file input24.txt (compact mmCIF, C-alpha atoms)
# COMPACT_ATOMS: atom_id res chain seq x y z
CA MET A 1 -169.19 -120.83 -66.82
CA LYS A 2 -172.59 -122.34 -66.14
CA TRP A 3 -175.12 -121.85 -63.46
CA GLY A 4 -176.29 -124.24 -60.81
CA ARG A 5 -177.85 -124.72 -57.44
CA CYS A 6 -176.56 -123.20 -54.24
CA LEU A 7 -177.11 -123.52 -50.52
CA LEU A 8 -179.89 -121.13 -49.60
CA GLY A 9 -178.99 -118.64 -46.93
CA LYS A 10 -176.45 -120.86 -45.21
CA VAL A 11 -173.89 -118.75 -43.40
CA THR A 12 -170.42 -119.61 -42.23
CA THR A 13 -167.44 -117.84 -40.75
CA THR A 14 -163.84 -118.64 -41.44
CA PRO A 15 -161.14 -119.02 -38.80
CA GLY A 16 -159.20 -115.81 -38.28
CA SER A 17 -161.88 -113.68 -39.93
CA ARG A 18 -163.67 -110.84 -38.20
CA GLN A 19 -166.62 -113.22 -37.79
CA ARG A 20 -168.47 -111.59 -40.66
CA GLY A 21 -171.17 -113.95 -41.97
CA ARG A 22 -170.57 -115.12 -45.50
CA ILE A 23 -172.85 -116.97 -47.88
CA LEU A 24 -171.23 -120.16 -49.05
CA PRO A 25 -170.44 -120.13 -52.78
CA PRO A 26 -172.62 -122.29 -55.02
CA PRO A 27 -171.56 -125.92 -55.37
CA LYS A 28 -170.44 -127.29 -58.72
CA PRO A 29 -173.17 -126.28 -61.19
CA GLU A 30 -175.31 -128.69 -63.12
CA PRO A 31 -175.63 -128.35 -66.90
CA PHE A 32 -178.26 -125.92 -68.18
CA ILE A 33 -181.26 -126.98 -70.15
CA GLY A 34 -181.38 -123.95 -72.44
CA THR A 35 -185.07 -124.12 -73.32
CA ARG A 36 -185.99 -123.68 -69.64
CA MET A 37 -183.87 -120.57 -69.20
CA THR A 38 -186.19 -117.64 -69.88
CA THR A 39 -185.23 -114.70 -67.63
CA LEU A 40 -182.03 -112.64 -67.43
CA LEU A 41 -181.42 -110.42 -64.37
CA LEU A 42 -178.66 -107.84 -64.88
CA TRP A 43 -177.49 -106.33 -61.59
CA ASP A 44 -175.67 -103.15 -60.70
CA ILE A 45 -173.39 -103.41 -57.64
CA ASP A 46 -172.83 -100.16 -55.74
CA GLY A 47 -176.03 -98.98 -54.08
CA THR A 48 -177.95 -102.01 -55.40
CA LEU A 49 -176.26 -105.15 -54.05
CA THR A 50 -173.84 -103.57 -51.58
CA LEU A 51 -172.56 -100.31 -50.14
CA SER A 52 -168.82 -99.78 -49.91
CA GLY A 53 -168.83 -96.89 -47.45
CA GLY A 54 -166.87 -94.68 -49.85
CA ALA A 55 -164.16 -97.31 -50.29
CA GLY A 56 -163.93 -96.81 -54.04
CA MET A 57 -163.29 -93.09 -53.83
CA ARG A 58 -160.84 -93.51 -50.96
CA ALA A 59 -158.94 -96.16 -52.95
CA LEU A 60 -158.81 -93.86 -55.99
CA GLN A 61 -157.68 -90.94 -53.84
CA SER A 62 -154.89 -93.03 -52.28
CA ALA A 63 -153.82 -94.31 -55.70
CA LEU A 64 -153.80 -90.77 -57.08
CA ALA A 65 -151.52 -89.60 -54.27
CA ARG A 66 -149.19 -92.59 -54.54
CA GLU A 67 -148.92 -92.76 -58.32
CA PHE A 68 -149.11 -89.07 -59.29
CA GLY A 69 -148.30 -87.17 -56.11
CA VAL A 70 -151.69 -85.47 -56.11
CA ASP A 71 -153.21 -85.32 -52.64
CA ARG A 72 -156.69 -83.87 -52.87
CA SER A 73 -160.32 -84.75 -52.16
CA LEU A 74 -162.39 -86.34 -54.91
CA ALA A 75 -165.70 -85.44 -53.24
CA ASP A 76 -166.70 -83.22 -56.17
CA ILE A 77 -166.46 -86.05 -58.71
CA ASP A 78 -169.78 -87.14 -60.26
CA TYR A 79 -169.58 -90.89 -59.74
CA ALA A 80 -173.13 -92.19 -59.06
CA GLY A 81 -174.07 -94.49 -61.92
CA ARG A 82 -170.88 -93.67 -63.83
CA THR A 83 -168.27 -96.14 -65.02
CA ASP A 84 -164.80 -96.38 -63.50
CA ARG A 85 -163.28 -95.36 -66.82
CA HIS A 86 -165.51 -92.29 -66.99
CA ILE A 87 -164.58 -91.39 -63.40
CA VAL A 88 -160.86 -91.70 -64.19
CA GLY A 89 -161.33 -89.26 -67.05
CA GLN A 90 -163.00 -86.79 -64.68
CA ILE A 91 -160.12 -87.15 -62.20
CA PHE A 92 -157.46 -86.50 -64.82
CA ALA A 93 -159.32 -83.42 -66.08
CA LEU A 94 -159.76 -82.11 -62.54
CA CYS A 95 -156.10 -82.66 -61.64
CA SER A 96 -154.64 -81.58 -65.01
CA ILE A 97 -153.03 -84.99 -65.54
CA PRO A 98 -152.52 -86.06 -69.18
CA ASP A 99 -155.13 -88.70 -69.99
CA THR A 100 -153.06 -91.43 -71.62
CA PRO A 101 -153.45 -95.22 -71.65
CA ALA A 102 -150.35 -95.53 -69.45
CA SER A 103 -151.72 -93.04 -66.92
CA ARG A 104 -155.05 -94.83 -66.81
CA THR A 105 -153.34 -98.17 -66.21
CA ARG A 106 -151.26 -96.68 -63.38
CA LEU A 107 -154.26 -95.17 -61.63
CA LEU A 108 -156.53 -98.20 -62.00
CA GLU A 109 -153.84 -100.66 -60.92
CA GLY A 110 -153.18 -98.46 -57.92
CA TYR A 111 -156.90 -98.34 -57.19
CA LEU A 112 -157.17 -102.14 -57.28
CA ALA A 113 -154.22 -102.44 -54.90
CA GLU A 114 -155.84 -100.03 -52.40
CA LEU A 115 -159.43 -101.29 -52.66
CA PRO A 116 -159.33 -104.41 -50.42
CA ALA A 117 -158.08 -102.45 -47.42
CA ALA A 118 -160.46 -99.57 -48.11
CA LEU A 119 -163.42 -101.96 -47.93
CA HIS A 120 -162.69 -102.60 -44.26
CA ASN A 121 -164.78 -99.69 -43.01
CA PRO A 122 -168.01 -99.45 -40.98
CA GLY A 123 -170.07 -98.32 -43.98
CA THR A 124 -169.40 -101.44 -46.04
CA ARG A 125 -172.40 -103.77 -46.05
CA VAL A 126 -174.76 -105.93 -48.07
CA LEU A 127 -178.05 -104.13 -48.69
CA PRO A 128 -181.42 -105.30 -47.26
CA GLY A 129 -182.77 -108.53 -48.70
CA ILE A 130 -179.78 -109.29 -50.94
CA ARG A 131 -178.32 -112.13 -48.85
CA GLU A 132 -181.65 -113.94 -49.06
CA LEU A 133 -182.72 -112.95 -52.58
CA VAL A 134 -179.54 -113.61 -54.57
CA PRO A 135 -179.04 -117.25 -53.47
CA ARG A 136 -182.72 -118.02 -54.12
CA LEU A 137 -182.47 -116.63 -57.64
CA ALA A 138 -179.14 -118.35 -58.33
CA ALA A 139 -180.65 -121.71 -57.39
CA ARG A 140 -183.30 -121.50 -60.09
CA ARG A 141 -183.12 -123.15 -63.51
CA ASP A 142 -185.38 -120.61 -65.25
CA CYS A 143 -183.32 -117.45 -64.72
CA ALA A 144 -179.71 -116.27 -64.89
CA LEU A 145 -177.95 -113.66 -62.81
CA ALA A 146 -175.27 -111.44 -64.35
CA LEU A 147 -173.65 -108.09 -63.69
CA LEU A 148 -174.18 -104.83 -65.53
CA THR A 149 -171.94 -102.44 -63.64
CA GLY A 150 -169.76 -99.39 -64.04
CA ASN A 151 -166.98 -101.13 -62.12
CA ILE A 152 -164.02 -102.59 -63.94
CA GLU A 153 -164.33 -106.35 -63.58
CA ARG A 154 -161.46 -106.84 -61.14
CA GLY A 155 -162.88 -104.10 -58.90
CA ALA A 156 -166.34 -105.66 -59.09
CA ARG A 157 -164.94 -109.02 -58.01
CA ILE A 158 -163.07 -107.45 -55.09
CA LYS A 159 -166.19 -105.65 -53.88
CA LEU A 160 -168.51 -108.65 -54.19
CA GLY A 161 -165.87 -111.07 -52.95
CA HIS A 162 -165.52 -109.03 -49.77
CA HIS A 163 -169.06 -110.15 -48.93
CA GLY A 164 -168.95 -113.65 -50.41
CA LEU A 165 -171.27 -112.74 -53.29
CA SER A 166 -169.01 -112.86 -56.35
CA ASP A 167 -169.59 -116.54 -57.20
CA TYR A 168 -173.28 -115.93 -57.85
CA PHE A 169 -172.48 -113.76 -60.89
CA HIS A 170 -170.45 -115.68 -63.44
CA PHE A 171 -170.37 -113.07 -66.20
CA GLY A 172 -171.52 -109.57 -67.07
CA ALA A 173 -170.61 -106.26 -68.68
CA PHE A 174 -168.12 -103.93 -67.03
CA ALA A 175 -166.32 -100.63 -67.46
CA ASP A 176 -163.54 -102.63 -69.17
CA ASP A 177 -165.98 -102.97 -72.08
CA SER A 178 -166.82 -99.28 -72.47
CA PRO A 179 -166.58 -96.01 -70.50
CA LEU A 180 -170.20 -95.33 -71.51
CA ARG A 181 -172.79 -97.10 -69.38
CA ASN A 182 -175.37 -97.16 -72.18
CA GLU A 183 -173.00 -99.29 -74.27
CA LEU A 184 -172.78 -102.01 -71.63
CA GLY A 185 -176.29 -103.47 -72.09
CA PRO A 186 -175.62 -104.91 -75.56
CA VAL A 187 -172.37 -106.41 -74.24
CA ALA A 188 -174.25 -108.13 -71.41
CA LEU A 189 -176.82 -109.55 -73.84
CA ARG A 190 -174.10 -110.85 -76.16
CA ARG A 191 -172.30 -112.54 -73.30
CA ALA A 192 -175.54 -114.11 -72.13
CA ARG A 193 -176.02 -115.64 -75.59
CA GLU A 194 -172.43 -116.85 -75.68
CA ARG A 195 -172.35 -118.27 -72.14
CA LEU A 196 -175.86 -119.67 -71.87
CA GLY A 197 -176.88 -120.33 -75.46
CA VAL A 198 -180.14 -118.45 -74.90
CA GLU A 199 -181.62 -115.53 -76.83
CA PHE A 200 -183.56 -113.74 -74.11
CA ALA A 201 -186.73 -111.90 -75.13
CA ALA A 202 -186.45 -108.19 -74.30
CA GLU A 203 -189.46 -108.36 -71.97
CA ARG A 204 -187.69 -111.08 -69.95
CA VAL A 205 -184.51 -109.05 -69.44
CA PHE A 206 -184.43 -106.92 -66.28
CA VAL A 207 -181.83 -104.27 -65.50
CA ILE A 208 -181.66 -103.69 -61.75
CA GLY A 209 -180.02 -100.60 -60.29
CA ASP A 210 -180.20 -97.61 -57.99
CA THR A 211 -179.63 -94.62 -60.29
CA PRO A 212 -181.33 -92.94 -63.26
CA HIS A 213 -178.33 -94.07 -65.32
CA ASP A 214 -179.26 -97.71 -64.65
CA ILE A 215 -182.84 -97.04 -65.76
CA GLU A 216 -181.68 -95.35 -68.95
CA CYS A 217 -179.19 -98.13 -69.64
CA GLY A 218 -181.97 -100.73 -69.42
CA LYS A 219 -184.29 -98.80 -71.69
CA VAL A 220 -181.58 -98.53 -74.35
CA ILE A 221 -181.72 -102.32 -74.86
CA GLY A 222 -185.50 -102.55 -74.49
CA ALA A 223 -185.23 -104.30 -71.13
CA ARG A 224 -187.57 -103.82 -68.20
CA THR A 225 -186.05 -101.75 -65.43
CA VAL A 226 -186.13 -102.35 -61.68
CA ALA A 227 -185.03 -99.36 -59.60
CA VAL A 228 -184.19 -99.54 -55.90
CA ALA A 229 -183.75 -96.58 -53.54
CA THR A 230 -180.83 -97.97 -51.54
CA GLY A 231 -178.23 -95.69 -53.12
CA GLN A 232 -178.06 -91.92 -53.48
CA TYR A 233 -181.49 -91.43 -55.05
CA SER A 234 -184.84 -91.50 -53.27
CA ARG A 235 -187.72 -93.59 -54.51
CA GLU A 236 -189.52 -90.43 -55.66
CA GLU A 237 -186.47 -89.30 -57.66
CA LEU A 238 -186.16 -92.70 -59.33
CA GLU A 239 -189.85 -92.88 -60.18
CA ARG A 240 -189.53 -89.66 -62.19
CA HIS A 241 -187.46 -91.67 -64.67
CA ALA A 242 -190.29 -94.18 -65.16
CA PRO A 243 -188.73 -97.54 -64.31
CA ALA A 244 -190.98 -100.54 -64.79
CA PHE A 245 -190.78 -101.19 -61.03
CA CYS A 246 -189.41 -99.25 -58.10
CA PHE A 247 -188.57 -100.53 -54.62
CA THR A 248 -187.51 -98.89 -51.39
CA ASP A 249 -185.26 -101.92 -50.85
CA PHE A 250 -185.33 -105.66 -51.59
CA SER A 251 -186.33 -106.87 -48.14
CA ASP A 252 -189.65 -108.11 -49.58
CA GLY A 253 -188.44 -111.00 -51.72
CA ALA A 254 -191.96 -112.03 -52.72
CA ALA A 255 -192.60 -108.58 -54.20
CA PHE A 256 -189.40 -108.84 -56.24
CA PHE A 257 -190.39 -112.25 -57.59
CA ARG A 258 -193.80 -110.88 -58.62
CA ALA A 259 -192.19 -107.88 -60.33
CA VAL A 260 -189.92 -110.02 -62.50
CA GLY A 261 -192.65 -112.58 -63.18
CA LEU A 262 -191.08 -115.55 -61.41
CA ALA A 263 -193.11 -117.98 -59.30
CA GLU A 264 -191.70 -118.55 -55.83
call {"tool": "encode", "arguments": {"input": "input24.txt", "output": "structure tokens"}}
result
Amino acid sequence: MKWGRCLLGKVTTTPGSRQRGRILPPPKPEPFIGTRMTTLLLWDIDGTLTLSGGAGMRALQSALAREFGVDRSLADIDYAGRTDRHIVGQIFALCSIPDTPASRTRLLEGYLAELPAALHNPGTRVLPGIRELVPRLAARRDCALALLTGNIERGARIKLGHHGLSDYFHFGAFADDSPLRNELGPVALRRARERLGVEFAAERVFVIGDTPHDIECGKVIGARTVAVATGQYSREELERHAPAFCFTDFSDGAAFFRAVGLAE
């Protein structure tokens, strides 16, 4: 798919909805002029773009009970910055379930079935500044937005779609591609070349996330890293991992534009 302009900040509600404001999806994109596309922004989801209020873990827990008859808390699972496939491996080890391709498919399909309902909780929200920042960036002709996330792609689309944000991110790298987060960066770069026809210079690639794993993932591909303290880690904790830039949140859009070297 290609990128194009979108309506900036326009909000609508749909009949029968819970009157939650939603950003309208971008209109039909215009063709890219490849030589003008210089900057690639690779975004994490959970703790960076949105919070799900624990929906992911609750959906996994429900799927585990339904598919395998195991009813237990998953609060002791290390999930921040991990991929869904890595988390599934932890769950199977914890619950003494044989880790087979068939078992993984059962649990993940069950998770995807439970996730939409689990997202309807008071802790689910778009993080500060994102509703304004993402449409502004998506409207530009000199940068591309993509995902670099530990979610499997269908889960990522459900989470972002819940808030009307999915259409701003036409491609990316996901847990489907590898259980190891540090292997996702090269996948994202390859897809950017394939989709956009642009070879992005390393200094114009930015990996944006809320955990030390995101920072490390960006450094592996030589990208610049933008950390944001809207997840489980404080700004001080993130700064210890030496990101190129670190934000408390993205409510100051002008500061974000300066950090990634884009004129407003």
call {"tool": "closest_residue", "arguments": {"input": "input24.txt", "among": "A:Ala55, A:Leu160, A:Cys95, A:Ile45", "to": "Asn121 of chain A", "atoms": "only C-alpha atoms"}}
result
A:Ala55
call {"tool": "closest_residue", "arguments": {"input": "input24.txt", "among": "A:Thr50, A:Gln61, A:Asn182, A:Thr149", "to": "Gly222 of chain A", "atoms": "all atoms listed in the file"}}
result
A:Asn182
call {"tool": "atom_distance", "arguments": {"input": "input24.txt", "atom1": "atom CA of Thr225 of chain A", "atom2": "atom CA of Ile208 of chain A"}}
result
6.0 Å
call {"tool": "residues_near_point", "arguments": {"input": "input24.txt", "point": "(-178.0, -117.7, -64.3)", "cutoff": "9 Å", "atoms": "all atoms listed in the file", "output": "PyMOL selection string"}}
result
chain A and resi 2-4+37+39-41+137-146+168-170+192+196
call {"tool": "residues_around", "arguments": {"input": "input24.txt", "residues": "Ser251 of chain A", "least_positions_apart": "6", "cutoff": "12 Å", "atoms": "only C-alpha atoms", "output": "VMD selection string"}}
result
chain A and resid 49 126 to 134 228 to 230 257
call {"tool": "closest_residue", "arguments": {"input": "input24.txt", "among": "A:Glu114, A:Asp167, A:Asp78, A:Asp84", "to": "Ala63 of chain A", "atoms": "all atoms listed in the file"}}
result
A:Glu114
call {"tool": "atom_distance", "arguments": {"input": "input24.txt", "atom1": "atom CA of Phe247 of chain A", "atom2": "atom CA of Thr124 of chain A"}}
result
21.0 Å
call {"tool": "axis_aligned_box", "arguments": {"input": "input24.txt", "around": "segment 239-247 of chain A", "padding_each_side": "6 Å", "output": "lines of an AutoDock Vina configuration file"}}
result
center_x = -189.2
center_y = -95.4
center_z = -59.9
size_x = 15.5
size_y = 23.5
size_z = 22.5
call {"tool": "residues_around", "arguments": {"input": "input24.txt", "residues": "Tyr111 of chain A", "least_positions_apart": "2", "cutoff": "6 Å", "atoms": "all atoms listed in the file", "output": "list in words"}}
result
Ala59, Leu60, Ala63, Leu108, Glu109, Ala113, Glu114 and Leu115 of chain A
call {"tool": "closest_residue", "arguments": {"input": "input24.txt", "among": "A:Gly261, A:Thr248, A:Glu237, A:Arg195", "to": "Arg224 of chain A", "atoms": "only C-alpha atoms"}}
result
A:Gly261
call {"tool": "atom_distance", "arguments": {"input": "input24.txt", "atom1": "atom CA of Gly164 of chain A", "atom2": "atom CA of Leu148 of chain A"}}
result
18.3 Å
call {"tool": "residues_around", "arguments": {"input": "input24.txt", "residues": "His120 of chain A", "least_positions_apart": "2", "cutoff": "10 Å", "atoms": "all atoms listed in the file", "output": "compact mmCIF listing (two decimals) with C-alpha atoms, in the frame of the given file"}}
result
# COMPACT_ATOMS: atom_id res chain seq x y z
CA SER A 52 -168.82 -99.78 -49.91
CA GLY A 53 -168.83 -96.89 -47.45
CA ALA A 55 -164.16 -97.31 -50.29
CA LEU A 115 -159.43 -101.29 -52.66
CA PRO A 116 -159.33 -104.41 -50.42
CA ALA A 117 -158.08 -102.45 -47.42
CA ALA A 118 -160.46 -99.57 -48.11
CA PRO A 122 -168.01 -99.45 -40.98
CA GLY A 123 -170.07 -98.32 -43.98
CA THR A 124 -169.40 -101.44 -46.04
CA ARG A 125 -172.40 -103.77 -46.05
CA HIS A 162 -165.52 -109.03 -49.77
call {"tool": "residues_near_point", "arguments": {"input": "input24.txt", "point": "(-164.5, -89.3, -62.4)", "cutoff": "6 Å", "atoms": "all atoms listed in the file", "output": "list in words"}}
result
Ile77, Tyr79, His86, Ile87, Val88, Gly89, Gln90 and Ile91 of chain A
call {"tool": "residues_around", "arguments": {"input": "input24.txt", "residues": "segment 171-173 of chain A", "least_positions_apart": "6", "cutoff": "9 Å", "atoms": "all atoms listed in the file", "output": "list in words"}}
result
Met1, Leu42, Trp43, Leu145, Ala146, Leu147, Leu148, Thr149, Gly150, Ile152, Glu153, Leu184, Gly185, Pro186, Val187, Ala188, Leu189, Arg191, Ala192 and Arg195 of chain A
call {"tool": "residues_around", "arguments": {"input": "input24.txt", "residues": "Leu238 of chain A", "least_positions_apart": "3", "cutoff": "10 Å", "atoms": "all atoms listed in the file", "output": "compact mmCIF listing (two decimals) with C-alpha atoms, keeping the file's coordinate frame"}}
result
# COMPACT_ATOMS: atom_id res chain seq x y z
CA ASP A 210 -180.20 -97.61 -57.99
CA THR A 211 -179.63 -94.62 -60.29
CA PRO A 212 -181.33 -92.94 -63.26
CA HIS A 213 -178.33 -94.07 -65.32
CA ILE A 215 -182.84 -97.04 -65.76
CA VAL A 226 -186.13 -102.35 -61.68
CA ALA A 227 -185.03 -99.36 -59.60
CA VAL A 228 -184.19 -99.54 -55.90
CA ALA A 229 -183.75 -96.58 -53.54
CA TYR A 233 -181.49 -91.43 -55.05
CA SER A 234 -184.84 -91.50 -53.27
CA ARG A 235 -187.72 -93.59 -54.51
CA HIS A 241 -187.46 -91.67 -64.67
CA ALA A 242 -190.29 -94.18 -65.16
CA PRO A 243 -188.73 -97.54 -64.31
CA PHE A 245 -190.78 -101.19 -61.03
CA CYS A 246 -189.41 -99.25 -58.10
CA PHE A 247 -188.57 -100.53 -54.62
